[in-house]
>>> print(open('structure.cif').read())   # mmCIF, C-alpha atoms
data_input
loop_
_atom_site.group_PDB
_atom_site.id
_atom_site.type_symbol
_atom_site.label_atom_id
_atom_site.label_comp_id
_atom_site.auth_asym_id
_atom_site.auth_seq_id
_atom_site.Cartn_x
_atom_site.Cartn_y
_atom_site.Cartn_z
ATOM 1 C CA MET A 1 98.416 13.808 5.341
ATOM 2 C CA GLU A 2 97.892 17.191 3.758
ATOM 3 C CA SER A 3 94.649 15.965 2.192
ATOM 4 C CA GLN A 4 93.345 15.088 5.619
ATOM 5 C CA TYR A 5 94.079 18.564 6.978
ATOM 6 C CA ASN A 6 92.273 20.031 3.993
ATOM 7 C CA LEU A 7 89.275 17.811 4.597
ATOM 8 C CA ILE A 8 89.147 18.793 8.271
ATOM 9 C CA VAL A 9 89.157 22.473 7.346
ATOM 10 C CA ALA A 10 86.379 21.791 4.822
ATOM 11 C CA THR A 11 84.335 19.978 7.484
ATOM 12 C CA LEU A 12 84.759 22.834 9.939
ATOM 13 C CA ILE A 13 83.710 25.433 7.389
ATOM 14 C CA PHE A 14 80.678 23.405 6.354
ATOM 15 C CA LEU A 15 79.629 22.942 9.978
ATOM 16 C CA ILE A 16 80.094 26.631 10.761
ATOM 17 C CA GLY A 17 77.881 27.443 7.786
ATOM 18 C CA ALA A 18 75.258 24.955 8.948
ATOM 19 C CA ALA A 19 75.369 26.377 12.486
ATOM 20 C CA GLY A 20 74.905 29.880 11.120
ATOM 21 C CA PHE A 21 71.934 28.728 9.103
ATOM 22 C CA LEU A 22 70.326 27.132 12.158
ATOM 23 C CA VAL A 23 70.990 29.963 14.568
ATOM 24 C CA ARG A 24 70.594 33.248 12.726
ATOM 25 C CA ARG A 25 67.294 34.751 11.609
ATOM 26 C CA ASN A 26 68.542 37.518 9.328
ATOM 27 C CA LEU A 27 67.958 36.651 5.658
ATOM 28 C CA ILE A 28 71.281 38.146 4.552
ATOM 29 C CA VAL A 29 73.234 36.135 7.114
ATOM 30 C CA LEU A 30 71.341 32.956 6.195
ATOM 31 C CA PHE A 31 72.340 33.552 2.601
ATOM 32 C CA MET A 32 75.990 33.954 3.569
ATOM 33 C CA SER A 33 75.838 30.743 5.640
ATOM 34 C CA VAL A 34 74.751 28.863 2.524
ATOM 35 C CA GLU A 35 77.751 30.308 0.697
ATOM 36 C CA LEU A 36 79.998 29.011 3.493
ATOM 37 C CA MET A 37 78.564 25.507 3.139
ATOM 38 C CA LEU A 38 79.070 25.589 -0.635
ATOM 39 C CA ASN A 39 82.697 26.566 -0.067
ATOM 40 C CA GLY A 40 83.250 23.675 2.300
ATOM 41 C CA ALA A 41 82.014 21.333 -0.421
ATOM 42 C CA ALA A 42 84.247 23.015 -3.010
ATOM 43 C CA LEU A 43 87.316 22.507 -0.835
ATOM 44 C CA VAL A 44 86.521 18.786 -0.627
ATOM 45 C CA PHE A 45 86.307 18.632 -4.421
ATOM 46 C CA VAL A 46 89.696 20.329 -4.834
ATOM 47 C CA THR A 47 91.297 18.089 -2.210
ATOM 48 C CA PHE A 48 90.150 14.879 -3.839
ATOM 49 C CA ALA A 49 91.060 16.163 -7.295
ATOM 50 C CA ARG A 50 94.612 16.398 -5.999
ATOM 51 C CA GLN A 51 94.468 13.109 -4.129
ATOM 52 C CA HIS A 52 93.306 11.168 -7.185
ATOM 53 C CA GLN A 53 95.310 13.306 -9.626
ATOM 54 C CA GLN A 54 92.247 13.947 -11.779
ATOM 55 C CA MET A 55 91.040 17.416 -12.608
ATOM 56 C CA ASP A 56 87.326 16.632 -12.747
ATOM 57 C CA GLY A 57 86.994 18.095 -9.267
ATOM 58 C CA HIS A 58 88.181 21.472 -10.532
ATOM 59 C CA VAL A 59 85.446 21.468 -13.161
ATOM 60 C CA PHE A 60 82.913 20.701 -10.457
ATOM 61 C CA VAL A 61 84.143 23.613 -8.358
ATOM 62 C CA PHE A 62 83.599 25.791 -11.413
ATOM 63 C CA PHE A 63 80.013 24.534 -11.533
ATOM 64 C CA ILE A 64 79.589 25.198 -7.806
ATOM 65 C CA ILE A 65 80.754 28.780 -8.303
ATOM 66 C CA ALA A 66 78.353 29.258 -11.231
ATOM 67 C CA LEU A 67 75.564 27.794 -9.090
ATOM 68 C CA ALA A 68 76.420 30.152 -6.243
ATOM 69 C CA ALA A 69 76.272 33.109 -8.624
ATOM 70 C CA ALA A 70 72.822 32.057 -9.852
ATOM 71 C CA GLU A 71 71.703 31.523 -6.267
ATOM 72 C CA ALA A 72 73.030 34.936 -5.259
ATOM 73 C CA ALA A 73 71.122 36.682 -8.055
ATOM 74 C CA VAL A 74 67.792 34.986 -7.336
ATOM 75 C CA GLY A 75 68.167 34.936 -3.545
ATOM 76 C CA LEU A 76 69.035 38.591 -3.287
ATOM 77 C CA SER A 77 66.165 39.626 -5.549
ATOM 78 C CA ILE A 78 63.819 37.593 -3.335
ATOM 79 C CA LEU A 79 65.347 39.449 -0.378
ATOM 80 C CA ILE A 80 64.580 42.772 -2.043
ATOM 81 C CA ALA A 81 61.011 41.676 -2.814
ATOM 82 C CA VAL A 82 60.504 40.567 0.809
ATOM 83 C CA PHE A 83 61.946 43.796 2.128
ATOM 84 C CA ARG A 84 59.681 45.866 -0.117
ATOM 85 C CA LEU A 85 56.666 44.011 1.277
ATOM 86 C CA ARG A 86 57.642 43.967 4.961
ATOM 87 C CA HIS A 87 60.448 46.417 5.589
ATOM 88 C CA ARG A 88 62.075 43.680 7.670
ATOM 89 C CA VAL A 89 64.623 40.984 6.867
ATOM 90 C CA ASN A 90 63.756 38.575 9.677
ATOM 91 C CA VAL A 91 62.677 35.126 8.470
ATOM 92 C CA ASP A 92 60.556 34.434 11.559
ATOM 93 C CA GLU A 93 58.023 36.979 10.365
ATOM 94 C CA LEU A 94 57.528 35.300 7.001
ATOM 95 C CA SER A 95 55.041 32.648 8.025
ATOM 96 C CA GLU A 96 52.193 33.005 5.498
ATOM 97 C CA LEU A 97 52.858 29.554 4.065
ATOM 98 C CA LYS A 98 52.386 27.932 7.461
ATOM 99 C CA GLY A 99 49.056 26.097 7.255
ATOM 100 C CA MET B 1 107.941 23.045 6.722
ATOM 101 C CA GLU B 2 107.183 26.536 5.440
ATOM 102 C CA GLN B 3 104.335 25.075 3.439
ATOM 103 C CA LYS B 4 102.875 23.611 6.582
ATOM 104 C CA THR B 5 103.098 26.907 8.453
ATOM 105 C CA LEU B 6 101.438 28.720 5.570
ATOM 106 C CA PHE B 7 98.733 26.091 5.453
ATOM 107 C CA PHE B 8 97.951 26.454 9.144
ATOM 108 C CA ILE B 9 97.861 30.247 8.898
ATOM 109 C CA LEU B 10 95.440 30.101 5.958
ATOM 110 C CA ALA B 11 93.298 27.411 7.586
ATOM 111 C CA ALA B 12 93.079 29.338 10.858
ATOM 112 C CA MET B 13 92.185 32.520 8.982
ATOM 113 C CA ALA B 14 89.466 30.704 7.032
ATOM 114 C CA VAL B 15 87.891 29.106 10.106
ATOM 115 C CA ILE B 16 88.112 32.187 12.336
ATOM 116 C CA SER B 17 86.640 34.524 9.742
ATOM 117 C CA ALA B 18 83.920 31.956 9.001
ATOM 118 C CA LEU B 19 83.054 32.036 12.710
ATOM 119 C CA MET B 20 83.030 35.840 12.575
ATOM 120 C CA THR B 21 80.638 35.692 9.626
ATOM 121 C CA ILE B 22 77.961 33.905 11.601
ATOM 122 C CA THR B 23 78.480 35.695 14.907
ATOM 123 C CA ARG B 24 78.632 39.366 13.854
ATOM 124 C CA LYS B 25 75.396 41.197 14.529
ATOM 125 C CA ASN B 26 75.817 43.518 11.585
ATOM 126 C CA PRO B 27 75.485 41.675 8.239
ATOM 127 C CA LEU B 28 77.921 44.092 6.638
ATOM 128 C CA SER B 29 80.818 43.100 8.903
ATOM 129 C CA GLY B 30 79.686 39.516 8.398
ATOM 130 C CA ALA B 31 80.023 40.002 4.648
ATOM 131 C CA LEU B 32 83.525 41.434 5.036
ATOM 132 C CA SER B 33 84.590 38.435 7.163
ATOM 133 C CA LEU B 34 83.101 36.192 4.489
ATOM 134 C CA ILE B 35 85.358 37.837 1.899
ATOM 135 C CA MET B 36 88.267 37.065 4.222
ATOM 136 C CA THR B 37 87.176 33.401 4.320
ATOM 137 C CA PHE B 38 86.966 33.252 0.539
ATOM 138 C CA ILE B 39 90.427 34.716 0.086
ATOM 139 C CA SER B 40 91.968 32.304 2.613
ATOM 140 C CA LEU B 41 90.212 29.448 0.822
ATOM 141 C CA ALA B 42 91.646 30.685 -2.471
ATOM 142 C CA GLY B 43 95.066 30.418 -0.827
ATOM 143 C CA LEU B 44 94.274 26.840 0.192
ATOM 144 C CA TYR B 45 93.262 26.112 -3.422
ATOM 145 C CA PHE B 46 96.595 27.445 -4.653
ATOM 146 C CA MET B 47 98.371 25.222 -2.146
ATOM 147 C CA SER B 48 96.338 22.212 -3.325
ATOM 148 C CA SER B 49 97.662 22.802 -6.854
ATOM 149 C CA ALA B 50 94.427 24.254 -8.193
ATOM 150 C CA PRO B 51 95.474 27.713 -9.458
ATOM 151 C CA PHE B 52 92.550 28.074 -11.877
ATOM 152 C CA VAL B 53 90.015 27.427 -9.139
ATOM 153 C CA GLY B 54 91.858 29.792 -6.818
ATOM 154 C CA VAL B 55 91.700 32.608 -9.342
ATOM 155 C CA LEU B 56 88.007 31.927 -9.960
ATOM 156 C CA GLN B 57 87.397 32.003 -6.234
ATOM 157 C CA VAL B 58 88.930 35.450 -5.875
ATOM 158 C CA LEU B 59 87.386 36.873 -9.058
ATOM 159 C CA VAL B 60 83.872 35.472 -8.869
ATOM 160 C CA TYR B 61 83.278 34.717 -5.204
ATOM 161 C CA ALA B 62 85.203 37.371 -3.344
ATOM 162 C CA GLY B 63 84.701 39.802 -6.216
ATOM 163 C CA ALA B 64 81.372 39.516 -7.956
ATOM 164 C CA ILE B 65 79.126 37.624 -5.548
ATOM 165 C CA MET B 66 80.181 39.462 -2.409
ATOM 166 C CA VAL B 67 79.939 42.817 -4.155
ATOM 167 C CA LEU B 68 76.362 41.840 -5.035
ATOM 168 C CA VAL B 69 75.644 40.986 -1.386
ATOM 169 C CA ILE B 70 77.139 44.206 -0.046
ATOM 170 C CA PHE B 71 75.377 46.166 -2.775
ATOM 171 C CA VAL B 72 72.032 44.719 -1.699
ATOM 172 C CA VAL B 73 72.729 45.444 1.979
ATOM 173 C CA MET B 74 73.441 49.043 1.018
ATOM 174 C CA LEU B 75 70.437 49.196 -1.325
ATOM 175 C CA LEU B 76 68.021 48.066 1.370
ATOM 176 C CA ASN B 77 69.058 51.153 3.285
ATOM 177 C CA LEU B 78 67.772 49.831 6.579
ATOM 178 C CA PRO B 79 67.155 52.378 9.315
ATOM 179 C CA GLU B 80 69.759 52.665 12.050
ATOM 180 C CA GLY B 81 69.641 49.677 14.397
ATOM 181 C CA GLU B 82 67.249 47.649 12.255
ATOM 182 C CA LEU B 83 70.090 45.531 10.854
ATOM 183 C CA GLU B 84 71.435 44.662 14.275
ATOM 184 C CA GLU B 85 68.111 44.326 16.030
ATOM 185 C CA GLU B 86 68.086 40.548 15.851
ATOM 186 C CA ARG B 87 68.312 38.980 19.287
ATOM 187 C CA ILE B 88 69.571 35.406 19.402
ATOM 188 C CA PRO B 89 68.582 33.346 22.426
ATOM 189 C CA PRO B 90 71.592 31.353 23.715
ATOM 190 C CA ARG B 91 69.362 28.253 23.668
ATOM 191 C CA ARG B 92 69.572 28.305 19.874
ATOM 192 C CA TRP B 93 73.377 28.222 19.912
ATOM 193 C CA VAL B 94 73.294 25.303 22.359
ATOM 194 C CA LEU B 95 70.845 23.342 20.204
ATOM 195 C CA ALA B 96 72.869 23.970 17.047
ATOM 196 C CA PHE B 97 76.020 22.939 18.915
ATOM 197 C CA PHE B 98 74.543 19.650 20.068
ATOM 198 C CA SER B 99 73.099 18.838 16.668
ATOM 199 C CA LEU B 100 76.249 19.603 14.689
ATOM 200 C CA VAL B 101 79.070 18.456 16.961
ATOM 201 C CA PRO B 102 78.198 14.731 16.601
ATOM 202 C CA LEU B 103 78.173 15.180 12.815
ATOM 203 C CA GLY B 104 81.537 16.918 12.909
ATOM 204 C CA PHE B 105 82.917 14.284 15.244
ATOM 205 C CA LEU B 106 81.843 11.495 12.875
ATOM 206 C CA CYS B 107 83.262 13.279 9.818
ATOM 207 C CA ILE B 108 86.617 14.058 11.418
ATOM 208 C CA ALA B 109 86.969 10.579 12.922
ATOM 209 C CA GLN B 110 86.294 9.111 9.501
ATOM 210 C CA ILE B 111 88.798 11.433 7.827
ATOM 211 C CA LEU B 112 91.515 10.638 10.358
ATOM 212 C CA SER B 113 90.970 6.896 10.165
ATOM 213 C CA THR B 114 91.180 6.831 6.376
ATOM 214 C CA ASP B 115 94.649 6.149 5.111
ATOM 215 C CA MET B 116 95.537 8.592 2.348
ATOM 216 C CA LYS B 117 98.872 8.240 0.722
ATOM 217 C CA ALA B 118 100.857 11.374 0.094
ATOM 218 C CA VAL B 119 100.692 12.725 -3.443
ATOM 219 C CA ASP B 120 104.222 12.762 -4.737
ATOM 220 C CA SER B 121 104.245 13.878 -8.349
ATOM 221 C CA LEU B 122 101.678 16.000 -10.106
ATOM 222 C CA GLY B 123 102.259 17.042 -13.696
ATOM 223 C CA PRO B 124 103.312 20.641 -14.257
ATOM 224 C CA ASN B 125 99.986 21.302 -15.998
ATOM 225 C CA PHE B 126 97.834 20.022 -13.172
ATOM 226 C CA GLY B 127 95.031 22.477 -12.500
ATOM 227 C CA SER B 128 96.185 25.000 -15.066
ATOM 228 C CA VAL B 129 93.671 26.964 -17.128
ATOM 229 C CA LYS B 130 94.552 25.010 -20.238
ATOM 230 C CA SER B 131 94.068 21.527 -18.864
ATOM 231 C CA VAL B 132 90.933 22.353 -16.871
ATOM 232 C CA GLY B 133 89.542 24.133 -19.928
ATOM 233 C CA ARG B 134 90.174 21.104 -22.107
ATOM 234 C CA LEU B 135 88.264 18.956 -19.652
ATOM 235 C CA MET B 136 85.456 21.481 -19.332
ATOM 236 C CA PHE B 137 84.902 21.844 -23.061
ATOM 237 C CA GLY B 138 85.493 18.158 -23.726
ATOM 238 C CA ASP B 139 83.987 15.716 -21.276
ATOM 239 C CA TYR B 140 81.809 18.286 -19.520
ATOM 240 C CA LEU B 141 80.568 20.249 -22.519
ATOM 241 C CA LEU B 142 76.895 19.360 -21.992
ATOM 242 C CA GLN B 143 77.039 20.276 -18.310
ATOM 243 C CA PHE B 144 78.782 23.522 -19.188
ATOM 244 C CA GLU B 145 75.970 24.455 -21.565
ATOM 245 C CA MET B 146 73.422 23.541 -18.916
ATOM 246 C CA VAL B 147 75.156 25.916 -16.504
ATOM 247 C CA SER B 148 74.795 28.695 -19.062
ATOM 248 C CA ILE B 149 71.059 27.973 -19.286
ATOM 249 C CA LEU B 150 70.883 27.995 -15.470
ATOM 250 C CA LEU B 151 72.531 31.416 -15.395
ATOM 251 C CA LEU B 152 70.090 32.702 -18.026
ATOM 252 C CA ILE B 153 67.154 31.456 -15.939
ATOM 253 C CA ALA B 154 68.675 33.093 -12.859
ATOM 254 C CA ILE B 155 68.957 36.419 -14.688
ATOM 255 C CA VAL B 156 65.326 36.249 -15.810
ATOM 256 C CA GLY B 157 64.253 35.180 -12.311
ATOM 257 C CA ALA B 158 66.151 38.023 -10.680
ATOM 258 C CA VAL B 159 64.597 40.594 -13.001
ATOM 259 C CA VAL B 160 61.089 39.220 -12.439
ATOM 260 C CA MET B 161 61.474 38.989 -8.654
ATOM 261 C CA ALA B 162 62.883 42.471 -8.252
ATOM 262 C CA LYS B 163 60.143 44.142 -10.297
ATOM 263 C CA LYS B 164 58.038 46.776 -8.581
ATOM 264 C CA LYS B 165 54.806 44.833 -8.986
ATOM 265 C CA LEU B 166 55.011 41.049 -8.687
#
>>> encode(input="structure.cif", output="structure tokens")
Amino acid sequence: MESQYNLIVATLIFLIGAAGFLVRRNLIVLFMSVELMLNGAALVFVTFARQHQQMDGHVFVFFIIALAAAEAAVGLSILIAVFRLRHRVNVDELSELKG
Amino acid sequence: MEQKTLFFILAAMAVISALMTITRKNPLSGALSLIMTFISLAGLYFMSSAPFVGVLQVLVYAGAIMVLVIFVVMLLNLPEGELEEERIPPRRWVLAFFSLVPLGFLCIAQILSTDMKAVDSLGPNFGSVKSVGRLMFGDYLLQFEMVSILLLIAIVGAVVMAKKKL
């Protein structure tokens, strides 16, 4: 039963992250929404590691955290580059790639 | 019983501060709520017998990554009001609600209908640094090395992107 509660919390956190990504237009907040979604996935990994009594899930959470760190470094430097160009952090204004 | 109470407190904290993260106008208060979410999740990891992952969560996520985010928010040094200028039409919330609620409904219905037997006995070493480390440097050695290459690429990418002239 405890696994199911964990999974529900993970679902809620993932959905909140997805909602934030859909609704907000501030690059920093979008970035944090992605982090929320990654954390929802990590909680699922930990839950099933416990349910199946295998620690592979823990290793995968380690990889998720490393991935998030890489994403943070690159994403935030892109944010700085965008800000230097535009002096804004609103994604709606970045539409050069639109055909 | 106490475990259950603790679980619900941590879960409620995680979900509420996650909601705060996406609803605060100011990204800085959003970032602080996000740290709250990460710490509550670390508590949930400890309760799911994953102490190593819990420690990593606090050290790397709530520590390093969020410090990076807050550092960048400070570095941008946006003029007063610019950070909070964003106006969100309520229509967008409604659309996101109607697109995500069916997904959540499906997920939760599936979770509740799946029969999961209670985990009775986990070894004393389950999730400890030693046993996870053995797995990481044994079965997952190649993946571990690939992660180190990924981090190297990310460092190079960050330096190139943040240069004065692209």
>>> axis_aligned_box(input="structure.cif", around="range 85-96 of chain A", padding_each_side="6 Å", output="AutoDock Vina command-line options")
--center_x 58.4 --center_y 39.5 --center_z 6.4 --size_x 24.4 --size_y 25.8 --size_z 22.3
>>> closest_residue(input="structure.cif", among="B:Leu6, B:Val72, B:Val58, B:Val129", to="chain A", atoms="all atoms listed in the file")
B:Val72
>>> interface_residues(input="structure.cif", of="chain A", to="chain B", cutoff="6 Å", atoms="all atoms listed in the file", output="compact mmCIF listing (two decimals) with C-alpha atoms, keeping the file's coordinate frame")
# COMPACT_ATOMS: atom_id res chain seq x y z
CA ALA A 19 75.37 26.38 12.49
CA GLY A 20 74.90 29.88 11.12
CA VAL A 23 70.99 29.96 14.57
CA ALA A 70 72.82 32.06 -9.85
CA ALA A 73 71.12 36.68 -8.06
CA VAL A 74 67.79 34.99 -7.34
CA SER A 77 66.17 39.63 -5.55
CA ILE A 78 63.82 37.59 -3.34
CA ALA A 81 61.01 41.68 -2.81
>>> atom_distance(input="structure.cif", atom1="CA of Arg134 in chain B", atom2="CA of Glu71 in chain A")
26.5 Å
>>> resolve_selection(input="structure.cif", expression="the PyMOL selection byres ((chain A and resi 90-94) around 8)", output="PyMOL selection string")
(chain A and resi 25-27+88-89+95-97) or (chain B and resi 86)
>>> atom_distance(input="structure.cif", atom1="CA of Leu59 in chain B", atom2="CA of Phe21 in chain A")
25.2 Å
>>> resolve_selection(input="structure.cif", expression="the PyMOL selection byres ((chain A and resi 61) around 9)", output="list in words")
Asn39, Ala41, Ala42, Leu43, Phe45, Val46, Asp56, Gly57, His58, Val59, Phe60, Phe62, Phe63, Ile64, Ile65 and Ala66 of chain A; Val53 of chain B
>>> atom_distance(input="structure.cif", atom1="CA of Gln3 in chain B", atom2="CA of Val55 in chain B")
19.5 Å
>>> closest_residue(input="structure.cif", among="A:Thr47, A:His52, A:Ala68, A:Arg86", to="Glu2 in chain A", atoms="only C-alpha atoms")
A:Thr47
>>> build_atoms(input="structure.cif", residues="range 65-94 of chain A", atoms="N, CA and C atoms", output="PDB file, keeping the file's coordinate frame")
ATOM      1  N   ILE A  65      80.674  27.322  -8.335  1.00  0.00           N
ATOM      2  CA  ILE A  65      80.754  28.780  -8.303  1.00  0.00           C
ATOM      3  C   ILE A  65      79.662  29.387  -9.185  1.00  0.00           C
ATOM      4  N   ALA A  66      79.422  28.760 -10.362  1.00  0.00           N
ATOM      5  CA  ALA A  66      78.353  29.258 -11.231  1.00  0.00           C
ATOM      6  C   ALA A  66      77.005  29.142 -10.529  1.00  0.00           C
ATOM      7  N   LEU A  67      76.804  28.006  -9.836  1.00  0.00           N
ATOM      8  CA  LEU A  67      75.564  27.794  -9.090  1.00  0.00           C
ATOM      9  C   LEU A  67      75.399  28.856  -8.007  1.00  0.00           C
ATOM     10  N   ALA A  68      76.494  29.156  -7.308  1.00  0.00           N
ATOM     11  CA  ALA A  68      76.420  30.152  -6.243  1.00  0.00           C
ATOM     12  C   ALA A  68      76.073  31.513  -6.818  1.00  0.00           C
ATOM     13  N   ALA A  69      76.595  31.820  -8.014  1.00  0.00           N
ATOM     14  CA  ALA A  69      76.272  33.109  -8.624  1.00  0.00           C
ATOM     15  C   ALA A  69      74.788  33.169  -8.960  1.00  0.00           C
ATOM     16  N   ALA A  70      74.251  32.078  -9.531  1.00  0.00           N
ATOM     17  CA  ALA A  70      72.822  32.057  -9.852  1.00  0.00           C
ATOM     18  C   ALA A  70      71.992  32.204  -8.589  1.00  0.00           C
ATOM     19  N   GLU A  71      72.419  31.469  -7.535  1.00  0.00           N
ATOM     20  CA  GLU A  71      71.703  31.523  -6.267  1.00  0.00           C
ATOM     21  C   GLU A  71      71.746  32.936  -5.683  1.00  0.00           C
ATOM     22  N   ALA A  72      72.898  33.583  -5.794  1.00  0.00           N
ATOM     23  CA  ALA A  72      73.030  34.936  -5.259  1.00  0.00           C
ATOM     24  C   ALA A  72      72.059  35.871  -5.970  1.00  0.00           C
ATOM     25  N   ALA A  73      71.990  35.773  -7.303  1.00  0.00           N
ATOM     26  CA  ALA A  73      71.122  36.682  -8.055  1.00  0.00           C
ATOM     27  C   ALA A  73      69.669  36.494  -7.643  1.00  0.00           C
ATOM     28  N   VAL A  74      69.203  35.228  -7.638  1.00  0.00           N
ATOM     29  CA  VAL A  74      67.792  34.986  -7.336  1.00  0.00           C
ATOM     30  C   VAL A  74      67.502  35.266  -5.867  1.00  0.00           C
ATOM     31  N   GLY A  75      68.394  34.762  -4.978  1.00  0.00           N
ATOM     32  CA  GLY A  75      68.167  34.936  -3.545  1.00  0.00           C
ATOM     33  C   GLY A  75      68.106  36.391  -3.145  1.00  0.00           C
ATOM     34  N   LEU A  76      69.022  37.189  -3.694  1.00  0.00           N
ATOM     35  CA  LEU A  76      69.035  38.591  -3.287  1.00  0.00           C
ATOM     36  C   LEU A  76      67.848  39.336  -3.862  1.00  0.00           C
ATOM     37  N   SER A  77      67.355  38.927  -5.050  1.00  0.00           N
ATOM     38  CA  SER A  77      66.165  39.626  -5.549  1.00  0.00           C
ATOM     39  C   SER A  77      64.936  39.232  -4.733  1.00  0.00           C
ATOM     40  N   ILE A  78      64.910  37.972  -4.252  1.00  0.00           N
ATOM     41  CA  ILE A  78      63.819  37.593  -3.335  1.00  0.00           C
ATOM     42  C   ILE A  78      63.902  38.433  -2.064  1.00  0.00           C
ATOM     43  N   LEU A  79      65.142  38.625  -1.578  1.00  0.00           N
ATOM     44  CA  LEU A  79      65.347  39.449  -0.378  1.00  0.00           C
ATOM     45  C   LEU A  79      64.797  40.854  -0.584  1.00  0.00           C
ATOM     46  N   ILE A  80      65.075  41.419  -1.780  1.00  0.00           N
ATOM     47  CA  ILE A  80      64.580  42.772  -2.043  1.00  0.00           C
ATOM     48  C   ILE A  80      63.053  42.785  -2.100  1.00  0.00           C
ATOM     49  N   ALA A  81      62.473  41.734  -2.731  1.00  0.00           N
ATOM     50  CA  ALA A  81      61.011  41.676  -2.814  1.00  0.00           C
ATOM     51  C   ALA A  81      60.401  41.577  -1.423  1.00  0.00           C
ATOM     52  N   VAL A  82      60.997  40.714  -0.559  1.00  0.00           N
ATOM     53  CA  VAL A  82      60.504  40.567   0.809  1.00  0.00           C
ATOM     54  C   VAL A  82      60.613  41.880   1.561  1.00  0.00           C
ATOM     55  N   PHE A  83      61.739  42.548   1.392  1.00  0.00           N
ATOM     56  CA  PHE A  83      61.946  43.796   2.128  1.00  0.00           C
ATOM     57  C   PHE A  83      60.947  44.861   1.688  1.00  0.00           C
ATOM     58  N   ARG A  84      60.623  44.867   0.383  1.00  0.00           N
ATOM     59  CA  ARG A  84      59.681  45.866  -0.117  1.00  0.00           C
ATOM     60  C   ARG A  84      58.293  45.644   0.500  1.00  0.00           C
ATOM     61  N   LEU A  85      57.979  44.364   0.730  1.00  0.00           N
ATOM     62  CA  LEU A  85      56.666  44.011   1.277  1.00  0.00           C
ATOM     63  C   LEU A  85      56.594  44.303   2.773  1.00  0.00           C
ATOM     64  N   ARG A  86      57.683  44.023   3.505  1.00  0.00           N
ATOM     65  CA  ARG A  86      57.642  43.967   4.961  1.00  0.00           C
ATOM     66  C   ARG A  86      58.453  45.039   5.670  1.00  0.00           C
ATOM     67  N   HIS A  87      59.469  45.530   4.973  1.00  0.00           N
ATOM     68  CA  HIS A  87      60.448  46.417   5.589  1.00  0.00           C
ATOM     69  C   HIS A  87      61.181  45.746   6.739  1.00  0.00           C
ATOM     70  N   ARG A  88      61.271  44.428   6.707  1.00  0.00           N
ATOM     71  CA  ARG A  88      62.075  43.680   7.670  1.00  0.00           C
ATOM     72  C   ARG A  88      62.838  42.603   6.917  1.00  0.00           C
ATOM     73  N   VAL A  89      63.909  42.087   7.507  1.00  0.00           N
ATOM     74  CA  VAL A  89      64.623  40.984   6.867  1.00  0.00           C
ATOM     75  C   VAL A  89      64.722  39.785   7.805  1.00  0.00           C
ATOM     76  N   ASN A  90      63.736  39.671   8.715  1.00  0.00           N
ATOM     77  CA  ASN A  90      63.756  38.575   9.677  1.00  0.00           C
ATOM     78  C   ASN A  90      62.880  37.438   9.157  1.00  0.00           C
ATOM     79  N   VAL A  91      63.442  36.220   9.067  1.00  0.00           N
ATOM     80  CA  VAL A  91      62.677  35.126   8.470  1.00  0.00           C
ATOM     81  C   VAL A  91      61.539  34.645   9.363  1.00  0.00           C
ATOM     82  N   ASP A  92      61.619  34.919  10.680  1.00  0.00           N
ATOM     83  CA  ASP A  92      60.556  34.434  11.559  1.00  0.00           C
ATOM     84  C   ASP A  92      59.222  35.104  11.264  1.00  0.00           C
ATOM     85  N   GLU A  93      59.274  36.265  10.631  1.00  0.00           N
ATOM     86  CA  GLU A  93      58.023  36.979  10.365  1.00  0.00           C
ATOM     87  C   GLU A  93      57.380  36.545   9.058  1.00  0.00           C
ATOM     88  N   LEU A  94      58.074  35.727   8.291  1.00  0.00           N
ATOM     89  CA  LEU A  94      57.528  35.300   7.001  1.00  0.00           C
ATOM     90  C   LEU A  94      56.878  33.938   7.186  1.00  0.00           C
TER      91      LEU A  94
END
